[in-house]
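Structure file query34.cif (mmCIF, C-alpha atoms) follows.
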data_my_file
#
loop_
_atom_site.group_PDB
_atom_site.id
_atom_site.type_symbol
_atom_site.label_atom_id
_atom_site.label_comp_id
_atom_site.auth_asym_id
_atom_site.auth_seq_id
_atom_site.Cartn_x
_atom_site.Cartn_y
_atom_site.Cartn_z
ATOM 1 C CA MET A 1 7.197 -4.148 -2.959
ATOM 2 C CA ALA A 2 8.771 -7.567 -2.806
ATOM 3 C CA LEU A 3 7.152 -10.418 -0.953
ATOM 4 C CA ALA A 4 9.578 -12.201 1.397
ATOM 5 C CA VAL A 5 9.666 -15.895 0.533
ATOM 6 C CA ASN A 6 11.391 -18.758 2.335
ATOM 7 C CA GLU A 7 11.869 -22.499 1.898
ATOM 8 C CA LEU A 8 8.364 -23.209 3.195
ATOM 9 C CA THR A 9 6.552 -20.755 0.900
ATOM 10 C CA PHE A 10 8.724 -21.010 -2.239
ATOM 11 C CA LYS A 11 6.718 -23.747 -3.953
ATOM 12 C CA HIS A 12 3.400 -21.945 -3.491
ATOM 13 C CA GLU A 13 4.549 -18.369 -4.138
ATOM 14 C CA VAL A 14 6.988 -19.060 -6.990
ATOM 15 C CA LEU A 15 6.620 -22.464 -8.621
ATOM 16 C CA ALA A 16 2.810 -22.617 -8.451
ATOM 17 C CA SER A 17 2.208 -18.926 -9.216
ATOM 18 C CA SER A 18 -0.305 -18.119 -11.939
ATOM 19 C CA THR A 19 1.784 -15.090 -12.959
ATOM 20 C CA PRO A 20 5.481 -14.752 -13.807
ATOM 21 C CA VAL A 21 7.663 -14.296 -10.726
ATOM 22 C CA LEU A 22 10.834 -12.261 -10.467
ATOM 23 C CA VAL A 23 12.937 -13.762 -7.658
ATOM 24 C CA SER A 24 15.751 -11.793 -6.054
ATOM 25 C CA PHE A 25 18.249 -13.750 -3.957
ATOM 26 C CA TRP A 26 20.121 -11.392 -1.626
ATOM 27 C CA GLU A 27 21.889 -11.137 1.716
ATOM 28 C CA PRO A 28 21.805 -8.281 4.255
ATOM 29 C CA TRP A 29 25.538 -7.575 3.965
ATOM 30 C CA CYS A 30 25.450 -7.302 0.142
ATOM 31 C CA GLY A 31 25.806 -3.690 -1.002
ATOM 32 C CA VAL A 32 24.977 -4.422 -4.642
ATOM 33 C CA CYS A 33 21.798 -6.182 -3.476
ATOM 34 C CA ARG A 34 20.657 -2.899 -1.952
ATOM 35 C CA LEU A 35 21.178 -1.201 -5.330
ATOM 36 C CA VAL A 36 19.304 -3.870 -7.290
ATOM 37 C CA ASN A 37 16.205 -4.130 -5.075
ATOM 38 C CA PRO A 38 14.794 -0.647 -5.884
ATOM 39 C CA MET A 39 15.471 -1.268 -9.575
ATOM 40 C CA LEU A 40 13.470 -4.494 -9.403
ATOM 41 C CA ALA A 41 10.606 -2.645 -7.726
ATOM 42 C CA GLU A 42 10.665 -0.113 -10.588
ATOM 43 C CA LEU A 43 10.557 -2.954 -13.090
ATOM 44 C CA GLN A 44 7.535 -4.450 -11.337
ATOM 45 C CA THR A 45 5.796 -1.057 -11.444
ATOM 46 C CA GLU A 46 6.592 -0.688 -15.159
ATOM 47 C CA TRP A 47 4.826 -3.978 -15.797
ATOM 48 C CA GLY A 48 1.740 -2.801 -13.906
ATOM 49 C CA GLY A 49 1.715 -5.615 -11.405
ATOM 50 C CA GLN A 50 1.658 -8.284 -14.133
ATOM 51 C CA ILE A 51 4.660 -9.898 -12.485
ATOM 52 C CA LYS A 52 5.159 -10.887 -8.878
ATOM 53 C CA LEU A 53 8.345 -9.748 -7.152
ATOM 54 C CA VAL A 54 9.715 -11.881 -4.337
ATOM 55 C CA SER A 55 12.899 -11.680 -2.315
ATOM 56 C CA ILE A 56 14.770 -14.522 -0.699
ATOM 57 C CA ASN A 57 17.416 -13.999 1.942
ATOM 58 C CA ALA A 58 20.049 -16.516 0.858
ATOM 59 C CA ASP A 59 21.654 -16.558 4.337
ATOM 60 C CA GLU A 60 18.395 -17.743 5.876
ATOM 61 C CA ASN A 61 17.422 -20.114 3.039
ATOM 62 C CA LEU A 62 20.551 -22.113 2.294
ATOM 63 C CA ARG A 63 18.653 -25.031 0.734
ATOM 64 C CA LEU A 64 17.056 -22.745 -1.860
ATOM 65 C CA ALA A 65 20.386 -21.043 -2.523
ATOM 66 C CA SER A 66 22.030 -24.426 -2.999
ATOM 67 C CA ALA A 67 19.187 -25.836 -5.127
ATOM 68 C CA HIS A 68 19.522 -22.869 -7.506
ATOM 69 C CA LYS A 69 23.321 -23.095 -7.551
ATOM 70 C CA LEU A 70 23.965 -19.529 -6.471
ATOM 71 C CA THR A 71 27.566 -18.497 -6.939
ATOM 72 C CA THR A 72 27.157 -14.763 -6.430
ATOM 73 C CA LEU A 73 24.713 -12.265 -5.017
ATOM 74 C CA PRO A 74 22.483 -10.734 -5.960
ATOM 75 C CA THR A 75 21.038 -13.321 -8.303
ATOM 76 C CA VAL A 76 17.765 -12.514 -10.045
ATOM 77 C CA MET A 77 15.672 -15.195 -11.738
ATOM 78 C CA LEU A 78 12.465 -14.987 -13.733
ATOM 79 C CA PHE A 79 10.169 -17.974 -13.195
ATOM 80 C CA ASP A 80 7.095 -18.747 -15.241
ATOM 81 C CA GLN A 81 4.972 -21.820 -14.632
ATOM 82 C CA GLY A 82 7.668 -23.243 -12.382
ATOM 83 C CA LYS A 83 10.509 -22.887 -14.897
ATOM 84 C CA VAL A 84 13.454 -20.494 -14.896
ATOM 85 C CA LEU A 85 13.257 -18.371 -18.045
ATOM 86 C CA CYS A 86 16.022 -15.929 -17.258
ATOM 87 C CA ARG A 87 18.878 -15.748 -14.748
ATOM 88 C CA LEU A 88 20.840 -12.597 -14.018
ATOM 89 C CA ASP A 89 23.930 -12.544 -11.827
ATOM 90 C CA GLN A 90 27.521 -11.293 -11.785
ATOM 91 C CA PHE A 91 26.513 -7.716 -10.961
ATOM 92 C CA LYS A 92 29.256 -5.350 -9.899
ATOM 93 C CA GLY A 93 27.091 -2.249 -9.841
ATOM 94 C CA ARG A 94 24.072 -0.373 -11.137
ATOM 95 C CA GLU A 95 25.349 -0.312 -14.737
ATOM 96 C CA ASP A 96 25.610 -4.111 -14.891
ATOM 97 C CA PHE A 97 22.018 -4.453 -13.731
ATOM 98 C CA SER A 98 20.815 -1.825 -16.210
ATOM 99 C CA ARG A 99 22.326 -3.828 -19.073
ATOM 100 C CA ALA A 100 20.909 -7.090 -17.743
ATOM 101 C CA ALA A 101 17.494 -5.482 -17.217
ATOM 102 C CA ALA A 102 17.249 -4.897 -20.971
ATOM 103 C CA ASP A 103 17.566 -8.651 -21.538
ATOM 104 C CA LEU A 104 15.002 -9.273 -18.823
ATOM 105 C CA GLN A 105 12.577 -6.828 -20.468
ATOM 106 C CA THR A 106 12.841 -8.784 -23.726
ATOM 107 C CA VAL A 107 12.031 -12.069 -21.978
ATOM 108 C CA LEU A 108 9.138 -10.454 -20.080
ATOM 109 C CA GLN A 109 7.665 -9.106 -23.313
ATOM 110 C CA ARG A 110 7.650 -12.614 -24.804
ATOM 111 C CA VAL A 111 6.079 -14.080 -21.655
ATOM 112 C CA MET A 112 3.380 -11.420 -21.508
ATOM 113 C CA LEU A 113 2.486 -11.966 -25.150
ATOM 114 C CA ARG A 114 1.793 -15.578 -24.302
ATOM 115 C CA TYR A 115 -0.453 -14.534 -21.406
ATOM 116 C CA SER A 116 -2.365 -12.049 -23.558
ATOM 117 C CA TYR A 117 -3.126 -14.759 -26.124
ATOM 118 C CA SER A 118 -4.398 -17.186 -23.494
ATOM 119 C CA ALA A 119 -6.822 -14.675 -21.946
#
Target encoding structure tokens, full file:
Amino acid sequence: MALAVNELTFKHEVLASSTPVLVSFWEPWCGVCRLVNPMLAELQTEWGGQIKLVSINADENLRLASAHKLTTLPTVMLFDQGKVLCRLDQFKGREDFSRAAADLQTVLQRVMLRYSYSA
């Protein structure tokens, strides 16, 4: 389940997180967002809780949306140690996210290898 994050909690929950964070920017009226959210939850489960999943309502957090130069929703970003490692956007449906999720899996595998070596 995704943790709701806002402008006040973003720095602590995302940028200062000790684990990689998958951030989903969405809006309540966005139909594709509703398709992507369960897929992100599945991805988090696949990784056994090794990644944190957060959601940010772009309507309610315009400064964050602007700071991350959102042009479309949903936008999914993978942060690690405060840096964006992967950005996924331009989804038109479930198939687009499935293709993008493969790229995300590759990036996550590289990140997790780094964490396993530092343990």
Can you list, as a PyMOL selection string, every protein, DNA or RNA residue that comes within 8 Å of Arg87 of chain A when you count all atoms listed in the file, leaving out same-chain residues fewer than 2 positions away? chain A and resi 75-78+84-85+89
Expanded to explicit residues, what is the PyMOL selection byres ((chain A and resi 108) around 10) for this file, as a PDB file with C-alpha atoms, in the coordinates of the input?
ATOM      1  CA  PRO A  20       5.481 -14.752 -13.807  1.00  0.00           C
ATOM      2  CA  LEU A  22      10.834 -12.261 -10.467  1.00  0.00           C
ATOM      3  CA  TRP A  47       4.826  -3.978 -15.797  1.00  0.00           C
ATOM      4  CA  GLN A  50       1.658  -8.284 -14.133  1.00  0.00           C
ATOM      5  CA  ILE A  51       4.660  -9.898 -12.485  1.00  0.00           C
ATOM      6  CA  LEU A  78      12.465 -14.987 -13.733  1.00  0.00           C
ATOM      7  CA  ASP A  80       7.095 -18.747 -15.241  1.00  0.00           C
ATOM      8  CA  LEU A  85      13.257 -18.371 -18.045  1.00  0.00           C
ATOM      9  CA  CYS A  86      16.022 -15.929 -17.258  1.00  0.00           C
ATOM     10  CA  ALA A 102      17.249  -4.897 -20.971  1.00  0.00           C
ATOM     11  CA  ASP A 103      17.566  -8.651 -21.538  1.00  0.00           C
ATOM     12  CA  LEU A 104      15.002  -9.273 -18.823  1.00  0.00           C
ATOM     13  CA  GLN A 105      12.577  -6.828 -20.468  1.00  0.00           C
ATOM     14  CA  THR A 106      12.841  -8.784 -23.726  1.00  0.00           C
ATOM     15  CA  VAL A 107      12.031 -12.069 -21.978  1.00  0.00           C
ATOM     16  CA  GLN A 109       7.665  -9.106 -23.313  1.00  0.00           C
ATOM     17  CA  ARG A 110       7.650 -12.614 -24.804  1.00  0.00           C
ATOM     18  CA  VAL A 111       6.079 -14.080 -21.655  1.00  0.00           C
ATOM     19  CA  MET A 112       3.380 -11.420 -21.508  1.00  0.00           C
ATOM     20  CA  LEU A 113       2.486 -11.966 -25.150  1.00  0.00           C
ATOM     21  CA  ARG A 114       1.793 -15.578 -24.302  1.00  0.00           C
TER      22      ARG A 114
END
Taking (8.0, -15.3, -5.9) as a centre in this file's frame and 12 Å as the limit, can you find every polymer residue with an atom that close, using only C-alpha atoms, and give them as a ChimeraX atom specification? /A:1-7,9-25,51-56,76-82,84
Selection file, C-alpha atoms, as a compact mmCIF listing (two decimals), keeping the file's coordinate frame:
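File written: selection.txt
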# COMPACT_ATOMS: atom_id res chain seq x y z
CA MET A 1 7.20 -4.15 -2.96
CA ALA A 2 8.77 -7.57 -2.81
CA LEU A 3 7.15 -10.42 -0.95
CA ALA A 4 9.58 -12.20 1.40
CA VAL A 5 9.67 -15.90 0.53
CA ASN A 6 11.39 -18.76 2.34
CA GLU A 7 11.87 -22.50 1.90
CA THR A 9 6.55 -20.76 0.90
CA PHE A 10 8.72 -21.01 -2.24
CA LYS A 11 6.72 -23.75 -3.95
CA HIS A 12 3.40 -21.94 -3.49
CA GLU A 13 4.55 -18.37 -4.14
CA VAL A 14 6.99 -19.06 -6.99
CA LEU A 15 6.62 -22.46 -8.62
CA ALA A 16 2.81 -22.62 -8.45
CA SER A 17 2.21 -18.93 -9.22
CA SER A 18 -0.30 -18.12 -11.94
CA THR A 19 1.78 -15.09 -12.96
CA PRO A 20 5.48 -14.75 -13.81
CA VAL A 21 7.66 -14.30 -10.73
CA LEU A 22 10.83 -12.26 -10.47
CA VAL A 23 12.94 -13.76 -7.66
CA SER A 24 15.75 -11.79 -6.05
CA PHE A 25 18.25 -13.75 -3.96
CA ILE A 51 4.66 -9.90 -12.48
CA LYS A 52 5.16 -10.89 -8.88
CA LEU A 53 8.35 -9.75 -7.15
CA VAL A 54 9.72 -11.88 -4.34
CA SER A 55 12.90 -11.68 -2.32
CA ILE A 56 14.77 -14.52 -0.70
CA VAL A 76 17.76 -12.51 -10.04
CA MET A 77 15.67 -15.20 -11.74
CA LEU A 78 12.46 -14.99 -13.73
CA PHE A 79 10.17 -17.97 -13.20
CA ASP A 80 7.10 -18.75 -15.24
CA GLN A 81 4.97 -21.82 -14.63
CA GLY A 82 7.67 -23.24 -12.38
CA VAL A 84 13.45 -20.49 -14.90
Length of the atom CA of Ser66 of chain A to atom CA of Leu8 of chain A vector [Å]: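 Computing the Euclidean distance for atom CA of Ser66 of chain A and atom CA of Leu8 of chain A yields 15.1 Å.
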Two-atom distance - atom CA of Lys92 of chain A, atom CA of Arg34 of chain A (Å):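 Between atom CA of Lys92 of chain A and atom CA of Arg34 of chain A the gap works out to 12.0 Å.
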Have a look at atom CA of Asn61 of chain A and atom CA of Gly31 of chain A and let me know their distance in Å, one decimal.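 Interatomic distance, atom CA of Asn61 of chain A to atom CA of Gly31 of chain A: 18.9 Å.
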Six-sided padding of 5 Å per side, axis-aligned box over segment 56-59 of chain A, centre and edges in Å, one decimal, as lines of an AutoDock Vina configuration file:
center_x = 18.2
center_y = -15.3
center_z = 1.8
size_x = 16.9
size_y = 12.6
size_z = 15.0
Give the answer as one residue: which of A:Glu27, A:Glu42, A:Glu60, A:Asp96 has the shortest atom-to-atom distance to Thr72 of chain A, using all atoms listed in the file?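 Closest to Thr72 of chain A of all the choices is A:Glu27.
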Which residue of A:Gln90, A:Phe97, A:Lys83, A:Gly49 approaches Asn37 of chain A most closely, using only C-alpha atoms: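 Using only C-alpha atoms, Asn37 of chain A sits closest to A:Phe97.
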